[in-house]
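Notes follow the structure.
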Amino acid sequence: MARWDGLVGVIDLKRGQAVHAVAGRRDRYQPTRQFYYPDGNKVSIDGDAALLAQQYCRVGIAAIYVADLDAICGGALQDNTLEEIITAVSRMSSSGVSYRIDAGLGQADDQIKAERLAVLLAGVSNWRVFVATEAAVDTSVLETLTDVLGKSHVGVSLDFAAGQWLSPRTTPRRWIEAINALEIEAVIALDLTSVGSGDPRRTIDLIKRVRGDLPQVQLTSGGGVRTEPDARRLRDAGADEVMVASLFTGDGSPFAASD
């Protein structure tokens with residue numbers, strides 16, 4: 001197994017820039033400044049999302065997760081920035097890069113937004129759009145999007161904060177039932193409070209719970225991963241893929257110490 005197999009590079013987008021997430025406090029997110037390589041080299045990012053995507057590819061990560069924070073919070077889809085990311089990556093030799101996109105889909109009128117994402121991703125061989133439970137009105141949107149995009153292109157993000165379920169109108173059990181009924185193949189389990197915290201314990205507990213409820217899905221998770229052993233702990237807990245950002249971009253990155 002290659003060193004970075006099973007890792008997913010995270011890009012959080014806010015107002016057209018890549019930002020560094022900390023504990024889900026989105027109003028405080030600042031542009032991503034640096035990408036640190038394991039050999040001690042670094043690249044200045046200064047919020048350039050396409051450039052950040054290229055660094056993930058260059059280090060050998062073959063999957064990218066993009067969270068459109070503007071859209072998640074009820075704003076417009078950052079389709080131009082997403083297109084820039086896809087174009088920048090396509091210019092590289094990493095033709096096998098896959099994408100996971102969270103654009104806040106979850107409202108009754110999100111079909112147009114989903115169709116726009118499908119057009120943007122048309123040249124990509126492997127992609128999924130995730131329905132985030134924090135943004136979804138109810139589970140009915142999941143059936144709508146599988147009809148529009150196809151089941152293989154739809155996943156679910158089960159969202160928590162400090163262990164509390166993020167959805168005012170639904171329950172985790174209702175989503176688990178919908179995932180099973182529609183045979184959804186990919187799930188993200190995320191506790192926003194753990195993101196950028198450097199402490200993966202809450203994430204590990206969440207992974208174990210979700211894996212127990214959904215043993216058959218491809219399970220992706222992240223939050224609190226600042227070292228390679230942290231990533232291994234999430235895999236050992238039951239995650240098939242581990243989302244990372246701080247490992248390469250945070251001030252506490254182990255590779256920054258080589259700077």
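Note on naming: chains are A, B, ... as they come in the structure tokens, residues start from 1 per chain, ligands start from 1 in the order shown.
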
(Q) Residues near A:Phe35, anyone? I mean within 8 Å using only C-alpha atoms, not counting same-chain ones fewer than 3 positions away, as a PyMOL selection string. (A) chain A and resi 42-45+52+55+248-249

Write to file, as an mmCIF file, in the first residue's frame, the residues of the selection just made, with N, CA and C atoms.
data_model
loop_
_atom_site.group_PDB
_atom_site.id
_atom_site.type_symbol
_atom_site.label_atom_id
_atom_site.label_comp_id
_atom_site.auth_asym_id
_atom_site.auth_seq_id
_atom_site.Cartn_x
_atom_site.Cartn_y
_atom_site.Cartn_z
ATOM 1 N N LYS A 42 7.787 23.463 1.029
ATOM 2 C CA LYS A 42 6.457 24.026 1.217
ATOM 3 C C LYS A 42 6.081 24.863 0.005
ATOM 4 N N VAL A 43 4.788 25.023 -0.181
ATOM 5 C CA VAL A 43 4.250 25.834 -1.276
ATOM 6 C C VAL A 43 3.271 26.833 -0.666
ATOM 7 N N SER A 44 3.397 28.095 -1.045
ATOM 8 C CA SER A 44 2.459 29.109 -0.590
ATOM 9 C C SER A 44 1.140 28.943 -1.337
ATOM 10 N N ILE A 45 0.058 28.802 -0.599
ATOM 11 C CA ILE A 45 -1.273 28.606 -1.177
ATOM 12 C C ILE A 45 -2.057 29.909 -1.199
ATOM 13 N N LEU A 52 -4.099 24.370 -4.215
ATOM 14 C CA LEU A 52 -4.133 23.398 -3.125
ATOM 15 C C LEU A 52 -4.473 22.008 -3.647
ATOM 16 N N GLN A 55 -1.494 20.358 -5.105
ATOM 17 C CA GLN A 55 -0.510 19.868 -4.127
ATOM 18 C C GLN A 55 -0.926 18.512 -3.577
ATOM 19 N N PHE A 248 -1.281 18.457 6.254
ATOM 20 C CA PHE A 248 -0.426 19.112 5.263
ATOM 21 C C PHE A 248 -0.473 20.636 5.307
ATOM 22 N N THR A 249 -1.547 21.200 5.849
ATOM 23 C CA THR A 249 -1.715 22.654 5.741
ATOM 24 C C THR A 249 -1.766 23.387 7.075
#

Can I get the residues of stretch 141-221 of chain A within 8 Å of stretch 123-133 of chain A, each with the closest pair of atoms and their distance in Å to one decimal, using only C-alpha atoms, sorted chain first then ascending number, as JSON lines?
{"residue": "A:Leu142", "atom": "CA", "partner": "A:Val131", "partner_atom": "CA", "distance": 7.0}
{"residue": "A:Ser152", "atom": "CA", "partner": "A:Arg128", "partner_atom": "CA", "distance": 7.2}
{"residue": "A:His153", "atom": "CA", "partner": "A:Arg128", "partner_atom": "CA", "distance": 4.2}
{"residue": "A:Val154", "atom": "CA", "partner": "A:Val129", "partner_atom": "CA", "distance": 5.1}
{"residue": "A:Gly155", "atom": "CA", "partner": "A:Phe130", "partner_atom": "CA", "distance": 4.5}
{"residue": "A:Val156", "atom": "CA", "partner": "A:Val131", "partner_atom": "CA", "distance": 4.8}
{"residue": "A:Ser157", "atom": "CA", "partner": "A:Ala132", "partner_atom": "CA", "distance": 4.6}
{"residue": "A:Leu158", "atom": "CA", "partner": "A:Thr133", "partner_atom": "CA", "distance": 5.6}
{"residue": "A:Asp159", "atom": "CA", "partner": "A:Thr133", "partner_atom": "CA", "distance": 5.8}
{"residue": "A:Leu166", "atom": "CA", "partner": "A:Thr133", "partner_atom": "CA", "distance": 6.8}
{"residue": "A:Ser167", "atom": "CA", "partner": "A:Thr133", "partner_atom": "CA", "distance": 6.0}

Q: Find the spatial neighbours of stretch 206-213 of chain A, counting only C-alpha atoms, within a cut-off of 9 Å - ignore same-chain residues fewer than 5 positions away - and output them as a ChimeraX atom specification.
A: /A:158,160,163,176,189-191,201,219-221,234,237-239

Okay, now the selection with N, CA and C atoms, as a PDB file, in the first residue's frame?
ATOM      1  N   LEU A 158     -23.321  12.310   7.326  1.00  0.00           N
ATOM      2  CA  LEU A 158     -23.982  12.332   8.630  1.00  0.00           C
ATOM      3  C   LEU A 158     -23.233  13.314   9.517  1.00  0.00           C
ATOM      4  N   PHE A 160     -22.477  15.914  12.726  1.00  0.00           N
ATOM      5  CA  PHE A 160     -22.613  16.132  14.156  1.00  0.00           C
ATOM      6  C   PHE A 160     -21.728  17.306  14.571  1.00  0.00           C
ATOM      7  N   GLY A 163     -20.709  15.849  19.275  1.00  0.00           N
ATOM      8  CA  GLY A 163     -21.499  14.665  19.531  1.00  0.00           C
ATOM      9  C   GLY A 163     -22.991  14.829  19.330  1.00  0.00           C
ATOM     10  N   ILE A 176     -30.270   6.554   8.456  1.00  0.00           N
ATOM     11  CA  ILE A 176     -29.726   5.203   8.288  1.00  0.00           C
ATOM     12  C   ILE A 176     -30.731   4.323   7.555  1.00  0.00           C
ATOM     13  N   ALA A 189     -18.975  10.385   7.774  1.00  0.00           N
ATOM     14  CA  ALA A 189     -19.338  10.626   9.167  1.00  0.00           C
ATOM     15  C   ALA A 189     -18.440  11.750   9.676  1.00  0.00           C
ATOM     16  N   LEU A 190     -19.063  12.854  10.123  1.00  0.00           N
ATOM     17  CA  LEU A 190     -18.276  14.043  10.437  1.00  0.00           C
ATOM     18  C   LEU A 190     -18.796  14.719  11.707  1.00  0.00           C
ATOM     19  N   ASP A 191     -17.869  14.982  12.624  1.00  0.00           N
ATOM     20  CA  ASP A 191     -18.172  15.812  13.781  1.00  0.00           C
ATOM     21  C   ASP A 191     -17.394  17.113  13.609  1.00  0.00           C
ATOM     22  N   ARG A 201     -10.274  11.764  18.929  1.00  0.00           N
ATOM     23  CA  ARG A 201     -11.017  10.790  19.746  1.00  0.00           C
ATOM     24  C   ARG A 201     -12.516  10.807  19.468  1.00  0.00           C
ATOM     25  N   LEU A 219     -17.113   4.013   4.026  1.00  0.00           N
ATOM     26  CA  LEU A 219     -17.207   5.016   5.084  1.00  0.00           C
ATOM     27  C   LEU A 219     -15.969   5.915   5.086  1.00  0.00           C
ATOM     28  N   THR A 220     -16.219   7.208   4.973  1.00  0.00           N
ATOM     29  CA  THR A 220     -15.170   8.222   4.994  1.00  0.00           C
ATOM     30  C   THR A 220     -15.382   9.104   6.217  1.00  0.00           C
ATOM     31  N   SER A 221     -14.287   9.469   6.866  1.00  0.00           N
ATOM     32  CA  SER A 221     -14.414  10.352   8.016  1.00  0.00           C
ATOM     33  C   SER A 221     -13.128  11.154   8.181  1.00  0.00           C
ATOM     34  N   LEU A 234      -8.014   6.171  12.688  1.00  0.00           N
ATOM     35  CA  LEU A 234      -9.346   6.256  12.083  1.00  0.00           C
ATOM     36  C   LEU A 234      -9.616   5.055  11.188  1.00  0.00           C
ATOM     37  N   ALA A 237     -10.420   2.131  13.299  1.00  0.00           N
ATOM     38  CA  ALA A 237     -11.749   2.225  13.909  1.00  0.00           C
ATOM     39  C   ALA A 237     -12.855   1.806  12.950  1.00  0.00           C
ATOM     40  N   GLY A 238     -12.545   1.760  11.642  1.00  0.00           N
ATOM     41  CA  GLY A 238     -13.547   1.326  10.677  1.00  0.00           C
ATOM     42  C   GLY A 238     -13.736   2.211   9.465  1.00  0.00           C
ATOM     43  N   ALA A 239     -12.966   3.299   9.357  1.00  0.00           N
ATOM     44  CA  ALA A 239     -13.079   4.170   8.183  1.00  0.00           C
ATOM     45  C   ALA A 239     -12.328   3.557   6.999  1.00  0.00           C
TER      46      ALA A 239
END

Q: Find the spatial neighbours of A:Ser197, counting only C-alpha atoms, within a cut-off of 8 Å - ignore same-chain residues fewer than 4 positions away - and output them as an MDAnalysis selection string.
A: chainID A and resid 22:23 193 223:224

Contact table stretch 157-192 of chain A vs stretch 77-101 of chain A, cut-off 12 Å, shortest pair per residue, only C-alpha atoms, as CSV:
residue,atom,partner,partner_atom,distance
A:Ser157,CA,A:Ile101,CA,10.3
A:Ala186,CA,A:Arg100,CA,10.0
A:Val187,CA,A:Arg100,CA,10.5
A:Ile188,CA,A:Arg100,CA,9.7
